[in-house]
Amino acid sequence: MNKKILIVGFGTVGRGFYELFQWKKASGRLPYKDDIEISEIVDAKFGHLRDFSQNQIENLKAGEGLQSSEVVEIIRQSDVDIVCEFTWVDIKNNAEPAFTHMMEALRNGKHVITTNKGPIALRYQELMDFANTRKLRVKFKGTVMAGTPSYNLLGLLPGIKVNKIRGILNGTTNYILTEIENGKSFEESLNLAQAKGYAEADPTMDVDGFDSALKTIIISNVLGWFGKEHTLSEMEIEGIRNLRATPDGSVTKLIVEADESHASVKPTIVKKTDILAKIGGVLNALELETDTLGTIVSIGPGAGKIQTAQAVLTDLGEILA
Ligand code: HSE
């Protein structure tokens, strides 16, 4: 069957997904049973494209733009099967406009894939209840550790219980901390992280620890591992804004920890023998303390254009299975 995709949000992630999708499709590496194409793109800044050519994509420029209501109307009228929501994260505004985009897609019978942490961390139950009553899927692998396997490893481990998680879940701050260790300044390192497409549209989300916190909430609460809902207001959150140097010979990392009763993100001095001390640059790591296998660690890129797009191919595979 022929399936179609609408991309909502054509910034770093949207473009990364478009490029990766065309590349893998052309090289015959999309292992889906359905024939699938990206048939429509909408972005509040760039406008709306349907049945476009490669040339139009390359020449896409910010034009007059679209109102929020026009973007929602385009989602409503689209004839696609899957909406990929890649707009920016806004935690001050109840995860809007992404939440409305996703709900509108579901209301009109479309599955949703997102890399946007806001709706999944803050309004997960609302989204899932709505999707379940319509027998639709909402997939969000790209919200945690980009395409690197993270919470989805649990799908390979039936019956396992995770008692605790610990890790490094933000590429931007890990990159900054690594560069500070190498002698660069905080500001220079942040600029580099932005230029490489790692940082959020609002980089204070990274620097002040909120991006790591949202990812911890997505892993620990959304998956129901701990039977307790950690929330942003209850979490202990400290970023790296005031960190300008690490004590000689030590390694400081922005570490997240969560178990049944407590969740935190804070700069932590780690021993050089700790596996997390060796996670440099944009790499992320997630340690899962389990009841049957002891500790499992997944390590890999946690941000980046193509790296995040890879997660969308994983989600597509689950929807089209
Ligand atoms: N700003 C995020 C990071 C992007 O640096 O990890 C990936 O979620």
# chains A, B, ... in the order shown; residues from 1 in each chain; ligands from 1
call {"tool": "closest_atom_pairs", "arguments": {"of": "chain A", "to": "ligand 1", "cutoff": "9 Å", "atoms": "only C-alpha atoms and all ligand atoms", "output": "CSV"}}
result
residue,atom,partner,partner_atom_place_in_ligand_line,distance
A:Thr115,CA,ligand 1,8 (O),7.8
A:Asn116,CA,ligand 1,8 (O),8.3
A:Lys117,CA,ligand 1,8 (O),7.8
A:Gly142,CA,ligand 1,8 (O),7.2
A:Thr143,CA,ligand 1,8 (O),5.8
A:Val144,CA,ligand 1,8 (O),6.2
A:Met145,CA,ligand 1,8 (O),6.4
A:Ala146,CA,ligand 1,7 (C),6.2
A:Leu169,CA,ligand 1,6 (O),6.2
A:Asn170,CA,ligand 1,6 (O),3.5
A:Gly171,CA,ligand 1,6 (O),3.7
A:Thr172,CA,ligand 1,5 (O),3.7
A:Thr173,CA,ligand 1,5 (O),6.6
A:Asn174,CA,ligand 1,5 (O),8.0
A:Tyr175,CA,ligand 1,5 (O),8.3
A:Ala193,CA,ligand 1,5 (O),7.8
A:Gln194,CA,ligand 1,1 (N),8.9
A:Gly197,CA,ligand 1,4 (C),8.1
A:Tyr198,CA,ligand 1,5 (O),4.6
A:Ala199,CA,ligand 1,1 (N),3.9
A:Glu200,CA,ligand 1,1 (N),4.3
A:Ala201,CA,ligand 1,1 (N),8.1
A:Asp202,CA,ligand 1,1 (N),8.8
A:Pro203,CA,ligand 1,1 (N),7.2
A:Met205,CA,ligand 1,1 (N),7.5
A:Asp206,CA,ligand 1,1 (N),5.7
A:Asp211,CA,ligand 1,2 (C),6.5
A:Ser212,CA,ligand 1,6 (O),7.5
A:Lys215,CA,ligand 1,8 (O),8.0
A:Val282,CA,ligand 1,5 (O),7.3
A:Leu283,CA,ligand 1,6 (O),8.8
A:Asn284,CA,ligand 1,6 (O),7.9
A:Pro301,CA,ligand 1,6 (O),8.7
A:Gly302,CA,ligand 1,6 (O),5.4
A:Ala303,CA,ligand 1,7 (C),4.1
A:Gly304,CA,ligand 1,7 (C),7.0
A:Thr308,CA,ligand 1,7 (C),7.3
call {"tool": "residues_around", "arguments": {"residues": "stretch 73-84 of chain A", "least_positions_apart": "3", "cutoff": "8 Å", "atoms": "only C-alpha atoms", "output": "ChimeraX atom specification"}}
result
/A:3-8,39,42,69-70,101-102,104-105,108-114
call {"tool": "write_last_selection", "arguments": {"atoms": "N, CA, C and O atoms", "output": "short mmCIF file (atom, residue, chain, number, x, y, z; two decimals), in the first residue's frame"}}
result
data_model
loop_
_atom_site.label_atom_id
_atom_site.label_comp_id
_atom_site.auth_asym_id
_atom_site.auth_seq_id
_atom_site.Cartn_x
_atom_site.Cartn_y
_atom_site.Cartn_z
N LYS A 3 1.72 4.78 1.45
CA LYS A 3 1.45 5.61 2.63
C LYS A 3 2.14 6.96 2.46
O LYS A 3 3.22 7.04 1.87
N LYS A 4 1.52 7.98 3.05
CA LYS A 4 2.06 9.34 2.89
C LYS A 4 2.35 9.99 4.25
O LYS A 4 1.65 9.73 5.23
N ILE A 5 3.34 10.87 4.21
CA ILE A 5 3.78 11.57 5.43
C ILE A 5 3.66 13.08 5.22
O ILE A 5 4.03 13.60 4.17
N LEU A 6 3.18 13.77 6.26
CA LEU A 6 3.23 15.24 6.32
C LEU A 6 4.26 15.62 7.39
O LEU A 6 4.18 15.14 8.53
N ILE A 7 5.22 16.46 7.01
CA ILE A 7 6.18 16.99 7.99
C ILE A 7 5.67 18.34 8.48
O ILE A 7 5.40 19.23 7.68
N VAL A 8 5.55 18.49 9.80
CA VAL A 8 5.16 19.78 10.39
C VAL A 8 6.39 20.31 11.13
O VAL A 8 6.81 19.73 12.13
N SER A 39 4.85 13.53 1.31
CA SER A 39 4.06 14.17 0.26
C SER A 39 3.75 15.63 0.57
O SER A 39 3.25 16.35 -0.28
N VAL A 42 4.80 21.44 6.02
CA VAL A 42 4.31 22.75 6.43
C VAL A 42 5.20 23.29 7.55
O VAL A 42 5.64 22.54 8.43
N SER A 69 -3.23 29.07 13.18
CA SER A 69 -4.50 28.45 12.79
C SER A 69 -4.42 27.88 11.37
O SER A 69 -5.06 26.88 11.05
N GLU A 70 -3.60 28.50 10.52
CA GLU A 70 -3.47 27.98 9.14
C GLU A 70 -2.71 26.65 9.14
O GLU A 70 -3.03 25.74 8.37
N HIS A 101 -1.11 20.52 17.27
CA HIS A 101 -0.81 19.87 15.98
C HIS A 101 -1.04 18.37 16.08
O HIS A 101 -1.64 17.74 15.21
N MET A 102 -0.54 17.80 17.18
CA MET A 102 -0.63 16.34 17.34
C MET A 102 -2.08 15.90 17.55
O MET A 102 -2.53 14.91 16.97
N GLU A 104 -4.75 17.45 16.52
CA GLU A 104 -5.49 17.65 15.27
C GLU A 104 -5.22 16.50 14.30
O GLU A 104 -6.13 16.03 13.60
N ALA A 105 -3.97 16.05 14.28
CA ALA A 105 -3.62 14.90 13.43
C ALA A 105 -4.43 13.68 13.88
O ALA A 105 -5.04 12.99 13.06
N ASN A 108 -8.06 13.58 13.10
CA ASN A 108 -8.35 13.34 11.69
C ASN A 108 -7.76 12.01 11.18
O ASN A 108 -7.51 11.84 9.99
N GLY A 109 -7.54 11.10 12.14
CA GLY A 109 -7.21 9.72 11.75
C GLY A 109 -5.78 9.45 11.34
O GLY A 109 -5.50 8.45 10.70
N LYS A 110 -4.85 10.34 11.76
CA LYS A 110 -3.45 10.14 11.35
C LYS A 110 -2.60 9.70 12.55
O LYS A 110 -2.78 10.22 13.64
N HIS A 111 -1.67 8.77 12.31
CA HIS A 111 -0.69 8.43 13.34
C HIS A 111 0.26 9.62 13.50
O HIS A 111 0.40 10.43 12.58
N VAL A 112 0.92 9.67 14.67
CA VAL A 112 1.83 10.79 14.95
C VAL A 112 3.21 10.27 15.34
O VAL A 112 3.32 9.34 16.13
N ILE A 113 4.24 10.91 14.76
CA ILE A 113 5.62 10.70 15.23
C ILE A 113 6.14 12.07 15.63
O ILE A 113 5.92 13.04 14.91
N THR A 114 6.79 12.14 16.78
CA THR A 114 7.34 13.43 17.18
C THR A 114 8.73 13.27 17.78
O THR A 114 9.09 12.21 18.29
#
call {"tool": "select_by_dssp", "arguments": {"residues": "stretch 122-288 of chain A", "states": "strand (DSSP E)", "output": "MDAnalysis selection string"}}
result
chainID A and resid 138:139 162:168 236:237 251:258 263:270 283:288
call {"tool": "select_by_dssp", "arguments": {"residues": "stretch 90-176 of chain A", "states": "helix (DSSP H, G or I)", "output": "PyMOL selection string"}}
result
chain A and resi 98-107+117-122+124-133+141-143+151-156+171-176
call {"tool": "residues_around", "arguments": {"residues": "A:His230", "least_positions_apart": "6", "cutoff": "8 Å", "atoms": "only C-alpha atoms", "output": "ChimeraX atom specification"}}
result
/A:217,220-221,262-263
call {"tool": "residues_around", "arguments": {"residues": "stretch 147-157 of chain A", "least_positions_apart": "3", "cutoff": "6 Å", "atoms": "only C-alpha atoms", "output": "PDB file with N, CA and C atoms, in the first residue's frame"}}
result
ATOM      1  N   ILE A 160      11.280  -7.720  32.189  1.00  0.00           N
ATOM      2  CA  ILE A 160      12.354  -7.129  32.999  1.00  0.00           C
ATOM      3  C   ILE A 160      11.813  -5.967  33.831  1.00  0.00           C
ATOM      4  N   GLY A 300      25.604   6.428  22.869  1.00  0.00           N
ATOM      5  CA  GLY A 300      25.592   6.844  21.465  1.00  0.00           C
ATOM      6  C   GLY A 300      25.222   8.308  21.354  1.00  0.00           C
ATOM      7  N   GLN A 307      21.250  12.130  13.227  1.00  0.00           N
ATOM      8  CA  GLN A 307      21.144  11.218  14.366  1.00  0.00           C
ATOM      9  C   GLN A 307      19.720  11.223  14.928  1.00  0.00           C
ATOM     10  N   THR A 308      19.097  12.412  14.975  1.00  0.00           N
ATOM     11  CA  THR A 308      17.714  12.494  15.465  1.00  0.00           C
ATOM     12  C   THR A 308      16.754  11.923  14.422  1.00  0.00           C
ATOM     13  N   GLN A 310      17.258   9.516  12.482  1.00  0.00           N
ATOM     14  CA  GLN A 310      17.289   8.045  12.538  1.00  0.00           C
ATOM     15  C   GLN A 310      16.174   7.514  13.460  1.00  0.00           C
ATOM     16  N   ALA A 311      15.900   8.250  14.541  1.00  0.00           N
ATOM     17  CA  ALA A 311      14.838   7.815  15.477  1.00  0.00           C
ATOM     18  C   ALA A 311      13.478   7.780  14.781  1.00  0.00           C
TER      19      ALA A 311
END
call {"tool": "residues_around", "arguments": {"residues": "A:Phe130", "least_positions_apart": "6", "cutoff": "9 Å", "atoms": "only C-alpha atoms", "output": "ChimeraX atom specification"}}
result
/A:103,106-107,136
call {"tool": "closest_residue", "arguments": {"among": "A:Val72, A:His48, A:Lys164, A:Ile218", "to": "A:Pro119", "atoms": "only C-alpha atoms"}}
result
A:Ile218
call {"tool": "atom_distance", "arguments": {"atom1": "atom CA of A:Asp90", "atom2": "atom CA of A:Ala258"}}
result
23.3 Å
